[in-house]
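Heads up, the thing below is written out as structure tokens.
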Amino acid sequence: MARSRTGFWLSVPVYAAVVALCVAPLLILLAYSFFQVSFVAVLKEPTLKNYVRILGSETYRWLILKTFGSGLMVAAITAVIGYPVAWFIAKRVVAAKSAFLTLLLVPLYTGDLVRIFAWRMLLGAEGVINTFLMAIGVIREPIGALLFSSLATHIVLTYNYLPFMVLGLWLAFEALDDRLVEAAADLGAGATSTFRRVTLPLTLPGLVAGSLMVFVMVVGDYLTPQLLGGASGVTIISAINDLFGTAFDWPLGSAIAWTMLAILALAFAGAAIVISRSSLGKALAAGEA
Amino acid sequence: MRRGFTPLLWVWLVYGFMYLPIAVITLFSFNASEIIAFPLQGFTLHWFGQVLTDARLGKGLGLAFLVSVPVAAFATFLGALAALALTRYPLRGRGVLFAIILLPFLIPKVILAVAQLILLSELKIERSLATIIAGQVIIILPFTTLIIASVLVRIDRRLEEAAADLGASGWSTFRRVTLPLMKNGLMAGWFIAFVLSSSEYVLTSFLSGRHQPLSILVASDFRFNISPALNALALMIVAVNLAFIAIGEFIRLRSKQT
């Protein structure tokens with residue numbers, strides 16, 4: 001039929017664009033990860049040496065661990081901060097729901113660099129927070145560790161990706177049937193056990209989806225650690241950047257990049273399993289009810 | 001217990017945190033002092049004048065338009081094709097198409113940028129404005145697709161069926177029924193794509209050759225300097241971005257009511 005062919009022809013240019021500009025580059029990157037550098041030329045003979053070097057290098061292992069550790073930590077922090085906010089927007093706000101959601105997303109559109117610039121002004125030794133605290137007499141000396149530290153990086157990473165966590169959780173709370181919570185209370189469950197045994201399991205898909213988004217974006221964030229982390233700002237992503245720039249070892253950089261992609265793919269697979277299982281449980285519960 | 005005052009206070013604190021940077025930029029871009037610190041020294045527009053008369057920034061702004069206008073147009077066009085295929089027509093492998101559109105969004109930008117760099121060097125293509133445009137379109141495509149799809153799913157399918165029943169061909173149904181109804185989605189997509197493109201830094205810095213758009217120029221300023229003039233520049237960028245987003249959202253939400 002004509003209509004079924006229309007869908008196919010519409011999707012052809014889209015597939016072509018993504019394959020040419022994303023899939024093909026990633027495949028060439030994969031090919032390069034098996035090459036080697038000799039002096040200033042790339043030697044195109046397949047070898048596993050780059051991967052062996054990554055596994056054997058304490059520095060790269062540590063950087064990979066550190067980057068993924070940051071991802072997990074920021075996902076956990078945004079989950080704790082965002083959970084009550086998502087609950088509030090879904091269950092307590094009636095008329096202005098879309099206004100609350102829009103206001104949450106607006107800061108995302110200010111752009112990476114503007115945001116980082118603003119945070120440097122806020123966190124600096126002679127910055128806004130320090131001078132404000134000194135002016136009102138809370139501290140005498142400026143807190144130097146606010147800027148160019150791991151603390152600064154994680155504050156701003158939390159800031160950058162909190163809205164994504166709230167969005168994921170909000171969707172889960174919108175789907176949560178209030179009657180289940182009320183039923184638990186009627187049957188004598190306290191606030192804590194209602195939360196632990198009803199609310200939390202039912203919002204788990206949103207929690208996992210939000211955490212995954214935050215995790216992926218934190219792991220891939222280059223600018224924030226680089227510009228706010230000071231000496232602590234070296235990440236595995238900045239190592240890839242260096243290997244493609246000054247260090248000129250494209251094959252090793254490619255191998256690190258593909259190691260990262262493989263770990264990210266594992267994280268996705270894990271999250272997909274959790275989400276599909278819990279929605280399966282949900283569907284079963286709905287079927288019985 | 002959870003109905004009390006505490007959650008509301010928490011929500012206020014979180015929203016305050018989200019708006020703290022914008023508030024500080026605004027406050028200090030009107031502050032009559034070289035030093036960005038409390039206490040405030042009085043009102044001035046001096047810093048805005050300094051930015052507006054900077055010729056280097058003006059040239060960068062021009063280049064930014066040369067990049068972002070076509071990026072927004074291509075990303076909106078491809079996003080429209082993808083959204084139509086996903087929501088309006090029977091399609092095998094809908095899930096695959098959706099996954100492949102989201103793929104560029106999920107790959108860390110530095111990794112995507114170096115991958116594109118290798119491809120360019122293998123094909124012996126010089127870096128130029130065209131390579132920036134191509135690179136940006138693919139990471140903005142997920143956003144335009146979702147925006148346009150969100151408008152398309154609200155269009156009543158019976159309108160198209162009625163047109164077909166009355167003898168309109170597939171093309172003329174699209175041109176005279178679907179297209180006018182999805183126009184708001186296209187415009188909203190264009191505005192948001194423009195903002196995302198003009199503030200994109202990582203991919204742009206890898207793919208730009210000699211021509212450096214505004215985001216690259218201001219990057220080195222924003223990275224290494226702090227001054228009230230930069231503050232004013234930041235506020236102007238924020239204001240323009242938010243105005244564009246507001247226009248886009250207004251257009252998109254207007255289609256909800258019709």
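Labels used: A, B, ... for chains in the order of the structure tokens, numbers from 1 for residues in each chain, and numbers from 1 for ligands as shown.
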For Ala243 (chain B), work out the shell of residues within 12 Å, counting only C-alpha atoms and skipping chain neighbours fewer than 4 positions away, then give it as a CSV table (one decimal) with C-alpha atoms, in the first residue's frame.
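Written out: around11.csv:
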chain,number,residue,atom,x,y,z
A,106,VAL,CA,14.5,26.9,31.6
A,109,TYR,CA,18.7,26.6,27.9
A,110,THR,CA,21.2,29.1,29.2
B,191,PHE,CA,13.6,28.1,17.6
B,192,ILE,CA,14.7,25.5,20.2
B,194,PHE,CA,18.6,27.5,17.1
B,195,VAL,CA,19.2,28.0,20.8
B,235,LEU,CA,23.0,38.0,30.5
B,236,MET,CA,22.4,39.0,26.9
B,237,ILE,CA,23.0,35.4,25.7
B,238,VAL,CA,20.6,34.1,28.4
B,239,ALA,CA,18.0,36.7,27.5
B,247,ILE,CA,8.5,32.0,21.5
B,248,GLY,CA,9.0,28.4,20.6
B,249,GLU,CA,7.0,27.1,23.6
B,250,PHE,CA,4.3,29.7,23.1
Practice item. Return as number ranges by chain the full set of residues in region 49-206 of chain A whose backbone-based DSSP assignment is alpha helix (DSSP H). Key: A: 49-56, 58-91, 97-105, 112-123, 128-135, 150-175, 178-186, 191-194, 200-206
Review point. Chain A residues within 7 Å of chain B, counting only C-alpha atoms: which ones, as number ranges by chain?
Key: A: 3-4, 6-8, 10-11, 14, 18, 21-22, 25-26, 28-29, 84-85, 107, 109-111, 113-115, 117-119, 126-128, 131-132, 159, 216, 220, 227, 237, 257
**Study point:** Spatial neighbours of region 178-185 of chain B, 7 Å, only C-alpha atoms, chain gap at least 6 places, as number ranges by chain
**Key:** B: 147-148, 151-152, 251-252, 255
**Study point:** Shell of 12 Å around Phe39 (chain A), only C-alpha atoms, local chain residues under 5 positions omitted, as a list in words
**Key:** Ala247, Phe248 and Asp249 of chain A
Revision key, fill the gap. Separating CA of Ile54 (chain A) from CA of Met260 (chain A), to the nearest tenth of an Å, is a gap of 11.3 Å
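Between CA of Tyr222 (chain A) and CA of Gly71 (chain A) there is a distance of 12.6 Å.
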Exercise for review: Would you mind reading off the distance between CA of Leu27 (chain B) and CA of Lys59 (chain B), one decimal, in Å?
Suggested key: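 Rounded to one decimal, the two atoms are 27.5 Å apart.
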Exercise for review: Would you kindly return, as number ranges by chain, each protein, DNA or RNA residue with an atom no farther than 12 Å from any atom of Leu43 (chain A), considering only C-alpha atoms and excluding same-chain residues fewer than 2 positions away?
Suggested key: A: 31-41, 45-47, 249-251
Could those selected residues go to a file with C-alpha atoms, as a short mmCIF file (atom, residue, chain, number, x, y, z; two decimals), in the first residue's frame?
data_model
loop_
_atom_site.label_atom_id
_atom_site.label_comp_id
_atom_site.auth_asym_id
_atom_site.auth_seq_id
_atom_site.Cartn_x
_atom_site.Cartn_y
_atom_site.Cartn_z
CA ALA A 31 38.66 0.43 13.66
CA TYR A 32 41.22 2.99 14.84
CA SER A 33 41.19 1.49 18.32
CA PHE A 34 42.99 -1.54 16.84
CA PHE A 35 45.63 0.56 15.04
CA GLN A 36 48.94 1.89 16.33
CA VAL A 37 50.97 5.06 16.12
CA SER A 38 54.54 4.97 14.90
CA PHE A 39 56.20 8.38 15.11
CA VAL A 40 53.68 10.73 13.51
CA ALA A 41 51.87 8.22 11.30
CA GLU A 45 47.72 -3.16 11.22
CA PRO A 46 45.20 -4.67 13.61
CA THR A 47 46.48 -5.18 17.14
CA ASP A 249 47.74 9.06 19.85
CA TRP A 250 44.44 8.63 18.04
CA PRO A 251 44.39 4.82 18.28
#
